[in-house]
Structures are given as structure tokens and as C-alpha cells.
>>> print(open('entry.tsv').read())   # TSV, C-alpha atoms
chain	number	residue	atom	x	y	z
A	1	MET	CA	148.74	86.46	146.42
A	2	LYS	CA	151.98	87.58	148.01
A	3	GLY	CA	155.17	87.20	146.03
A	4	TRP	CA	155.75	86.82	142.35
A	5	PRO	CA	153.06	84.92	140.42
A	6	GLY	CA	154.11	81.65	138.86
A	7	GLU	CA	156.73	80.54	141.40
A	8	PRO	CA	157.09	76.74	141.11
A	9	ASP	CA	157.79	74.46	144.05
A	10	MET	CA	161.54	73.90	144.42
A	11	GLU	CA	163.84	72.98	147.27
A	12	HIS	CA	166.37	75.48	148.52
A	13	ASP	CA	170.10	74.71	148.63
A	14	VAL	CA	170.08	71.92	146.04
A	15	LEU	CA	172.08	71.95	142.81
A	16	MET	CA	169.57	71.82	139.94
A	17	ALA	CA	170.69	70.57	136.53
A	18	ASP	CA	167.50	69.73	134.68
A	19	GLY	CA	166.61	69.84	130.99
A	20	ASN	CA	169.22	71.69	128.95
A	21	ALA	CA	171.52	71.85	131.98
A	22	ALA	CA	171.60	68.07	132.53
A	23	SER	CA	174.72	67.65	130.40
A	24	ALA	CA	176.57	70.10	132.68
A	25	ALA	CA	176.13	67.88	135.76
A	26	GLY	CA	179.50	66.97	137.25
A	27	LYS	CA	181.52	69.42	135.15
A	28	PRO	CA	183.97	71.75	136.91
A	29	ILE	CA	182.63	75.12	138.04
A	30	THR	CA	184.71	78.00	136.72
A	31	ASP	CA	182.18	80.81	137.13
A	32	VAL	CA	179.44	81.69	139.62
A	33	ILE	CA	176.65	84.07	138.61
A	34	PHE	CA	174.74	85.77	141.44
A	35	ASP	CA	171.34	87.38	141.61
A	36	PHE	CA	171.40	90.51	143.79
A	37	GLY	CA	168.21	90.91	145.83
A	38	ASN	CA	168.09	88.55	148.84
A	39	VAL	CA	171.20	86.74	147.61
A	40	LEU	CA	173.98	89.34	147.87
A	41	ILE	CA	171.98	92.22	149.39
A	42	TYR	CA	168.71	92.28	151.29
A	43	TRP	CA	165.73	93.80	149.49
A	44	ASP	CA	162.68	94.41	151.68
A	45	PRO	CA	159.93	96.62	150.21
A	46	THR	CA	158.30	96.84	153.63
A	47	ALA	CA	161.31	98.81	154.88
A	48	ALA	CA	160.64	101.53	152.28
A	49	LEU	CA	156.98	101.85	153.26
A	50	ILE	CA	156.89	101.46	157.04
A	51	ALA	CA	157.35	105.16	157.83
A	52	ARG	CA	154.04	106.14	156.24
A	53	TYR	CA	151.84	103.04	155.96
A	54	SER	CA	150.28	100.59	158.38
A	55	GLN	CA	151.25	96.92	158.26
A	56	GLU	CA	147.76	96.10	157.00
A	57	THR	CA	148.14	98.49	154.06
A	58	ILE	CA	151.64	97.20	153.33
A	59	ASP	CA	150.42	93.60	153.37
A	60	GLN	CA	147.69	94.51	150.89
A	61	PHE	CA	150.16	96.38	148.69
A	62	LEU	CA	152.46	93.37	148.62
A	63	ASP	CA	149.55	91.12	147.61
A	64	ASN	CA	149.76	90.99	143.82
A	65	ASP	CA	146.08	90.13	143.46
A	66	ILE	CA	145.16	93.39	145.21
A	67	SER	CA	147.71	95.93	143.99
A	68	GLY	CA	149.56	94.37	141.05
A	69	PHE	CA	152.85	95.27	142.76
A	70	TYR	CA	154.83	92.33	141.42
A	71	ASP	CA	153.39	92.68	137.93
A	72	GLY	CA	154.43	96.32	138.04
A	73	ASN	CA	157.90	95.28	139.16
A	74	ASP	CA	158.14	92.93	136.20
A	75	LEU	CA	157.25	95.76	133.82
A	76	MET	CA	159.90	98.04	135.29
A	77	ASP	CA	162.51	95.28	135.45
A	78	ALA	CA	161.91	94.65	131.74
A	79	GLY	CA	162.61	98.27	130.81
A	80	ALA	CA	159.59	100.39	131.77
A	81	THR	CA	160.43	103.56	133.71
A	82	PRO	CA	159.06	104.13	137.22
A	83	ALA	CA	156.69	106.73	135.77
A	84	GLU	CA	155.39	104.16	133.32
A	85	GLY	CA	155.04	101.58	136.09
A	86	VAL	CA	153.05	103.99	138.25
A	87	ALA	CA	150.86	104.94	135.29
A	88	TRP	CA	150.19	101.26	134.56
A	89	MET	CA	149.22	100.61	138.18
A	90	ARG	CA	146.97	103.67	138.25
A	91	GLU	CA	145.15	102.49	135.14
A	92	THR	CA	144.85	98.83	136.18
A	93	HIS	CA	144.55	98.94	139.99
A	94	GLY	CA	143.59	102.48	140.95
A	95	ASP	CA	144.99	105.62	142.54
A	96	LYS	CA	145.55	104.20	146.04
A	97	TRP	CA	148.05	101.57	144.95
A	98	ALA	CA	149.64	103.79	142.30
A	99	ASP	CA	150.29	106.48	144.92
A	100	ILE	CA	151.91	103.90	147.22
A	101	LEU	CA	154.07	102.63	144.35
A	102	GLN	CA	155.21	106.20	143.71
A	103	TYR	CA	156.12	106.56	147.38
A	104	TYR	CA	157.97	103.25	147.24
A	105	VAL	CA	159.95	104.37	144.18
A	106	ASP	CA	160.74	107.73	145.79
A	107	ASN	CA	162.07	105.96	148.90
A	108	PHE	CA	163.50	102.89	147.21
A	109	GLU	CA	166.93	103.17	148.85
A	110	ASP	CA	165.32	102.32	152.20
A	111	SER	CA	164.32	98.90	150.82
A	112	LEU	CA	168.00	97.91	150.62
A	113	THR	CA	168.72	96.86	154.18
A	114	GLY	CA	172.24	95.41	154.06
A	115	ILE	CA	174.56	92.67	152.88
A	116	VAL	CA	173.35	89.06	153.20
A	117	PRO	CA	175.56	87.57	155.96
A	118	GLY	CA	178.51	85.58	154.68
A	119	MET	CA	178.20	86.60	151.05
A	120	ARG	CA	180.90	89.27	150.93
A	121	VAL	CA	183.50	86.80	152.16
A	122	LEU	CA	182.19	84.05	149.88
A	123	VAL	CA	182.56	86.31	146.85
A	124	ASN	CA	186.12	87.18	147.93
A	125	ASP	CA	186.97	83.52	148.56
A	126	LEU	CA	185.72	82.56	145.10
A	127	LYS	CA	187.80	85.30	143.50
A	128	ALA	CA	190.88	84.19	145.45
A	129	ALA	CA	190.32	80.66	144.13
A	130	GLY	CA	190.29	81.92	140.53
A	131	ILE	CA	186.54	81.52	140.07
A	132	GLY	CA	184.78	84.20	138.03
A	133	VAL	CA	182.07	86.03	139.97
A	134	TRP	CA	179.30	87.77	138.06
A	135	GLY	CA	175.94	89.40	138.62
A	136	LEU	CA	172.65	88.88	136.78
A	137	SER	CA	169.68	90.68	138.28
A	138	ASN	CA	166.21	91.91	137.47
A	139	TRP	CA	166.33	95.60	138.41
A	140	GLU	CA	164.72	98.80	137.19
A	141	LYS	CA	167.28	100.93	135.33
A	142	GLU	CA	166.64	104.24	137.11
A	143	LEU	CA	166.74	102.64	140.58
A	144	PHE	CA	169.83	100.50	140.16
A	145	HIS	CA	172.21	103.28	141.17
A	146	CYS	CA	170.82	103.00	144.73
A	147	ALA	CA	172.23	99.50	144.97
A	148	GLU	CA	175.44	100.06	143.05
A	149	GLU	CA	176.42	103.16	145.04
A	150	ASN	CA	175.50	101.88	148.50
A	151	CYS	CA	176.31	98.15	148.36
A	152	ARG	CA	180.03	97.67	147.81
A	153	ILE	CA	179.64	93.93	147.31
A	154	LEU	CA	178.26	94.65	143.84
A	155	GLN	CA	181.47	96.48	143.00
A	156	GLN	CA	183.48	93.34	143.81
A	157	LEU	CA	181.95	91.41	140.92
A	158	ASP	CA	183.87	90.82	137.70
A	159	GLY	CA	180.89	92.08	135.72
A	160	LYS	CA	177.12	92.38	135.87
A	161	LEU	CA	174.11	92.47	133.61
A	162	VAL	CA	170.95	94.22	134.82
A	163	SER	CA	167.58	93.62	133.20
A	164	GLY	CA	166.37	97.20	132.98
A	165	PHE	CA	169.37	98.23	130.88
A	166	VAL	CA	168.98	95.43	128.32
A	167	LYS	CA	165.16	95.22	128.40
A	168	LEU	CA	165.23	91.50	129.05
A	169	ARG	CA	164.45	89.83	132.35
A	170	LYS	CA	164.65	86.54	134.17
A	171	PRO	CA	163.32	83.89	133.92
A	172	HIS	CA	163.40	84.26	130.12
A	173	LYS	CA	166.19	82.29	128.48
A	174	GLU	CA	167.41	85.23	126.43
A	175	ILE	CA	168.79	87.21	129.39
A	176	TYR	CA	170.91	84.28	130.57
A	177	GLU	CA	172.30	83.85	127.06
A	178	ALA	CA	173.02	87.59	126.90
A	179	ALA	CA	174.86	87.38	130.23
A	180	LEU	CA	176.99	84.43	129.11
A	181	LYS	CA	177.95	86.30	125.95
A	182	ASP	CA	178.63	89.56	127.78
A	183	PHE	CA	180.77	87.87	130.44
A	184	GLY	CA	182.56	85.63	127.93
A	185	ILE	CA	181.85	82.46	129.93
A	186	LYS	CA	180.37	79.03	129.19
A	187	ALA	CA	177.01	77.75	130.38
A	188	GLU	CA	178.27	74.24	131.15
A	189	THR	CA	180.96	75.42	133.59
A	190	SER	CA	178.84	78.06	135.30
A	191	VAL	CA	176.35	77.94	138.16
A	192	PHE	CA	173.60	80.49	138.82
A	193	ILE	CA	172.45	81.48	142.32
A	194	ASP	CA	169.00	83.00	142.88
A	195	ASP	CA	166.37	83.00	145.62
A	196	LYS	CA	163.49	82.54	143.15
A	197	ALA	CA	162.68	79.08	141.83
A	198	MET	CA	161.43	80.38	138.49
A	199	ASN	CA	164.83	81.94	137.81
A	200	ILE	CA	166.61	78.65	138.49
A	201	VAL	CA	164.27	77.01	135.96
A	202	GLY	CA	165.21	79.75	133.49
A	203	ALA	CA	168.92	79.18	134.08
A	204	ASN	CA	168.50	75.45	133.44
A	205	GLU	CA	166.74	76.24	130.16
A	206	ALA	CA	169.85	78.20	129.16
A	207	GLY	CA	172.06	75.23	130.07
A	208	ILE	CA	173.28	76.65	133.38
A	209	ARG	CA	173.13	74.72	136.63
A	210	GLY	CA	171.33	76.57	139.39
A	211	ILE	CA	170.96	76.72	143.16
A	212	ARG	CA	167.97	78.25	144.90
A	213	PHE	CA	169.61	80.27	147.64
A	214	SER	CA	168.72	80.49	151.31
A	215	ASP	CA	171.98	80.55	153.29
A	216	SER	CA	175.61	81.45	152.56
A	217	ARG	CA	177.00	78.50	154.54
A	218	LYS	CA	174.86	75.99	152.69
A	219	LEU	CA	175.86	77.54	149.37
A	220	ARG	CA	179.53	77.34	150.34
A	221	GLU	CA	179.10	73.64	151.20
A	222	ILE	CA	177.45	72.90	147.85
A	223	LEU	CA	180.20	74.65	145.90
A	224	ILE	CA	182.90	72.81	147.83
A	225	ALA	CA	181.11	69.50	147.15
A	226	GLN	CA	181.26	70.37	143.45
A	227	GLY	CA	185.03	70.77	143.62
A	228	VAL	CA	185.39	74.52	144.18
A	229	ASP	CA	188.54	75.04	146.29
A	230	ILE	CA	187.43	77.53	148.94
A	231	PRO	CA	187.67	77.38	152.75
A	232	ALA	CA	185.03	75.25	154.44
A	233	VAL	CA	182.85	76.25	157.36
A	234	GLN	CA	184.51	75.02	160.55
>>> encode(input="entry.tsv", output="C-alpha cells")
Amino acid sequence: MKGWPGEPDMEHDVLMADGNAASAAGKPITDVIFDFGNVLIYWDPTAALIARYSQETIDQFLDNDISGFYDGNDLMDAGATPAEGVAWMRETHGDKWADILQYYVDNFEDSLTGIVPGMRVLVNDLKAAGIGVWGLSNWEKELFHCAEENCRILQQLDGKLVSGFVKLRKPHKEIYEAALKDFGIKAETSVFIDDKAMNIVGANEAGIRGIRFSDSRKLREILIAQGVDIPAVQ
């Protein structure tokens, strides 16, 4: 199975305020919390592997049922080191996939392929409007410097919390609560943006409205419809 196991069905570009977040519906938005990968910056593991591996091998590696790649990512995002992730994959899925994971880790910077179009300006527009902009991402601690050093958009944020440093990860409620506390913001006046449905569900459990991201223009339109005073798409 390609992609993270357990992804529920959910529409993109719809404001979700279910469960514990239902009471926040209609309240002003004072803070926007962004995921990083495929929301602010593109993350494409294929780009880190293409120099040495065929597309067939890459497709198999990115099939969790074959290689355990996404399970290994979850372990590392939750605090395991790359060495521990590779050792886990070697023990559970064999040398072939563990060796490819090691190559992926060694060439991780190539998986970061640029800024998602429109997001740099959106972040700046939100800041100009007095909206707090924050980051909450699942990311392995030893690899995060690749993103922070090479993707200036992450340096524009008012603050960020990264899973590998706190040994918590989305979609578990505790990491959202830790982010709210660390940023000094309120759940009911915040909105969380992520490309994964499971992480929007997790945000709702923590009382935070969420939007499953696909497009910067659609996100801008949703925020404007919720009363955020930023320039509209013309």
C-alpha cells in the first residue's frame, strides 16, 4: 500500500470542525499552524532515490506493505534516529529495503524539491494582517536541518514544533496540545493546515479547526471566507 497506513477519506480544501473542534466553528482566526511537507515545501522521496534506483524499485520501496517505509518514517518522526530506523527495517523487512532507506537518509536533501507555489506570499500576507503563523511538522530530528537551512519559508514562521525533537507526532492529540502551549495560542482561534487527512482528524481532537491542503489559492479563499483580512486572488 502506497502512502501512510490509516489515512481516512476526507475532502481537500474544506474547513473541518468536528468533535472537539465543533465549538470553534465561526470563531475568528488569529493563528494559522502549517505542516511543512507538501504544504509549505515539497517533499518527494522519489527525488532522493532516482539517481540510483529504477522506478519499479522506487515504487516497491514506497509501498508500505513491501518495505515498511512509512512505518519506518513514523518511528523516526517520533524520535528514533536514522540508524535506529534502518536497523528496524533491516530486522523487519530485510537488507534490500534497509539499504535503500540508508541511501534515502544519506541523500535526504534531494527529496526537498522547492517551495509550494503561492505559500511564501500567503505566509507573508498573513503576517502583514497580524495573524500568527506557526509550524507543526512530523520530521526526524537529525534530518530537519536540511529543511531549515535550505527552505527560507520555514524561517519566516513565528515559531515551530517538530516531532523528532519532542518525541511526539501527529496525529496524536498530545503534539497539538504541546504546540498550542509552546506557541502561547488558543485552539479555538487557530486553524491547522496539513495535506494528510489523519492529521486534520488529530487537530480536531485537540479542538483545532483544520483544512486538508491541496492548493494555495483555495486555502487563501477559505481563510478570507472565515474573515481573515488578506488580499484575494484576482
>>> closest_atom_pairs(input="entry.tsv", of="range 37-132 of chain A", to="range 215-229 of chain A", cutoff="12 Å", atoms="all atoms listed in the file", output="JSON lines")
{"residue": "A:Asn38", "atom": "CA", "partner": "A:Asp215", "partner_atom": "CA", "distance": 9.9}
{"residue": "A:Val39", "atom": "CA", "partner": "A:Asp215", "partner_atom": "CA", "distance": 8.4}
{"residue": "A:Leu40", "atom": "CA", "partner": "A:Ser216", "partner_atom": "CA", "distance": 9.3}
{"residue": "A:Ile41", "atom": "CA", "partner": "A:Ser216", "partner_atom": "CA", "distance": 11.8}
{"residue": "A:Ile115", "atom": "CA", "partner": "A:Ser216", "partner_atom": "CA", "distance": 11.3}
{"residue": "A:Val116", "atom": "CA", "partner": "A:Ser216", "partner_atom": "CA", "distance": 8.0}
{"residue": "A:Pro117", "atom": "CA", "partner": "A:Ser216", "partner_atom": "CA", "distance": 7.0}
{"residue": "A:Gly118", "atom": "CA", "partner": "A:Ser216", "partner_atom": "CA", "distance": 5.5}
{"residue": "A:Met119", "atom": "CA", "partner": "A:Ser216", "partner_atom": "CA", "distance": 6.0}
{"residue": "A:Arg120", "atom": "CA", "partner": "A:Ser216", "partner_atom": "CA", "distance": 9.6}
{"residue": "A:Val121", "atom": "CA", "partner": "A:Ser216", "partner_atom": "CA", "distance": 9.5}
{"residue": "A:Leu122", "atom": "CA", "partner": "A:Arg220", "partner_atom": "CA", "distance": 7.2}
{"residue": "A:Val123", "atom": "CA", "partner": "A:Arg220", "partner_atom": "CA", "distance": 10.1}
{"residue": "A:Asp125", "atom": "CA", "partner": "A:Asp229", "partner_atom": "CA", "distance": 8.9}
{"residue": "A:Leu126", "atom": "CA", "partner": "A:Val228", "partner_atom": "CA", "distance": 8.1}
{"residue": "A:Lys127", "atom": "CA", "partner": "A:Asp229", "partner_atom": "CA", "distance": 10.7}
{"residue": "A:Ala128", "atom": "CA", "partner": "A:Asp229", "partner_atom": "CA", "distance": 9.5}
{"residue": "A:Ala129", "atom": "CA", "partner": "A:Asp229", "partner_atom": "CA", "distance": 6.3}
{"residue": "A:Gly130", "atom": "CA", "partner": "A:Asp229", "partner_atom": "CA", "distance": 9.1}
{"residue": "A:Ile131", "atom": "CA", "partner": "A:Val228", "partner_atom": "CA", "distance": 8.2}
{"residue": "A:Gly132", "atom": "CA", "partner": "A:Val228", "partner_atom": "CA", "distance": 11.5}
>>> atom_distance(input="entry.tsv", atom1="CA of Pro171 in chain A", atom2="CA of Gly26 in chain A")
23.6 Å
>>> closest_residue(input="entry.tsv", among="A:Ile100, A:Leu161, A:Ala83, A:Ala21", to="Ile50 in chain A", atoms="only C-alpha atoms")
A:Ile100
>>> residues_around(input="entry.tsv", residues="range 204-207 of chain A", least_positions_apart="3", cutoff="8 Å", atoms="all atoms listed in the file", output="MDAnalysis selection string")
chainID A and resid 16:22 24 173:174 176:177 187:188 200:201 210
>>> closest_residue(input="entry.tsv", among="A:Ala80, A:Ala197, A:Ala178, A:Leu112", to="Lys141 in chain A", atoms="only C-alpha atoms")
A:Ala80
>>> atom_distance(input="entry.tsv", atom1="CA of Gln155 in chain A", atom2="CA of Asp110 in chain A")
19.5 Å
>>> closest_residue(input="entry.tsv", among="A:Ile193, A:Phe165, A:Val133, A:Trp139", to="Trp43 in chain A", atoms="all atoms listed in the file")
A:Trp139
>>> closest_residue(input="entry.tsv", among="A:Lys96, A:Arg169, A:Arg90, A:Lys27", to="Thr57 in chain A", atoms="only C-alpha atoms")
A:Lys96
>>> atom_distance(input="entry.tsv", atom1="CA of Arg52 in chain A", atom2="CA of Asp77 in chain A")
24.9 Å
>>> axis_aligned_box(input="entry.tsv", around="range 202-210 of chain A", padding_each_side="4 Å", output="lines of an AutoDock Vina configuration file")
center_x = 169.2
center_y = 77.2
center_z = 134.3
size_x = 16.1
size_y = 13.0
size_z = 18.2
>>> closest_residue(input="entry.tsv", among="A:Met76, A:Ala48, A:Val166, A:Val86", to="Phe108 in chain A", atoms="all atoms listed in the file")
A:Ala48
>>> closest_residue(input="entry.tsv", among="A:Pro5, A:Gly135, A:Pro231, A:Gly37", to="Gly72 in chain A", atoms="all atoms listed in the file")
A:Pro5
>>> residues_near_point(input="entry.tsv", point="(174.7, 76.2, 140.3)", cutoff="6 Å", atoms="all atoms listed in the file", output="NGL selection string")
:A and (15 or 191-192 or 209-211)
>>> write_last_selection(input="entry.tsv", atoms="C-alpha atoms", output="compact mmCIF listing (two decimals), keeping the file's coordinate frame")
# COMPACT_ATOMS: atom_id res chain seq x y z
CA LEU A 15 172.08 71.95 142.81
CA VAL A 191 176.35 77.94 138.16
CA PHE A 192 173.60 80.49 138.82
CA ARG A 209 173.13 74.72 136.63
CA GLY A 210 171.33 76.57 139.39
CA ILE A 211 170.96 76.72 143.16
>>> residues_around(input="entry.tsv", residues="Lys170 in chain A", least_positions_apart="4", cutoff="8 Å", atoms="only C-alpha atoms", output="VMD selection string")
chain A and resid 137 to 138 163 175 to 176 199 202
>>> residues_around(input="entry.tsv", residues="Tyr104 in chain A", least_positions_apart="2", cutoff="12 Å", atoms="only C-alpha atoms", output="PyMOL selection string")
chain A and resi 44-53+58+61-62+69+73+82+85-86+97-102+106-112+143
>>> residues_around(input="entry.tsv", residues="Gly159 in chain A", least_positions_apart="6", cutoff="12 Å", atoms="only C-alpha atoms", output="PDB file with C-alpha atoms, in the coordinates of the input")
ATOM      1  CA  ASP A  31     182.180  80.810 137.130  1.00  0.00           C
ATOM      2  CA  VAL A  32     179.440  81.690 139.620  1.00  0.00           C
ATOM      3  CA  ILE A  33     176.650  84.070 138.610  1.00  0.00           C
ATOM      4  CA  PHE A  34     174.740  85.770 141.440  1.00  0.00           C
ATOM      5  CA  GLY A 132     184.780  84.200 138.030  1.00  0.00           C
ATOM      6  CA  VAL A 133     182.070  86.030 139.970  1.00  0.00           C
ATOM      7  CA  TRP A 134     179.300  87.770 138.060  1.00  0.00           C
ATOM      8  CA  GLY A 135     175.940  89.400 138.620  1.00  0.00           C
ATOM      9  CA  LEU A 136     172.650  88.880 136.780  1.00  0.00           C
ATOM     10  CA  SER A 137     169.680  90.680 138.280  1.00  0.00           C
ATOM     11  CA  ILE A 153     179.640  93.930 147.310  1.00  0.00           C
ATOM     12  CA  ALA A 179     174.860  87.380 130.230  1.00  0.00           C
ATOM     13  CA  LEU A 180     176.990  84.430 129.110  1.00  0.00           C
ATOM     14  CA  LYS A 181     177.950  86.300 125.950  1.00  0.00           C
ATOM     15  CA  ASP A 182     178.630  89.560 127.780  1.00  0.00           C
ATOM     16  CA  PHE A 183     180.770  87.870 130.440  1.00  0.00           C
ATOM     17  CA  GLY A 184     182.560  85.630 127.930  1.00  0.00           C
ATOM     18  CA  ILE A 185     181.850  82.460 129.930  1.00  0.00           C
TER      19      ILE A 185
END
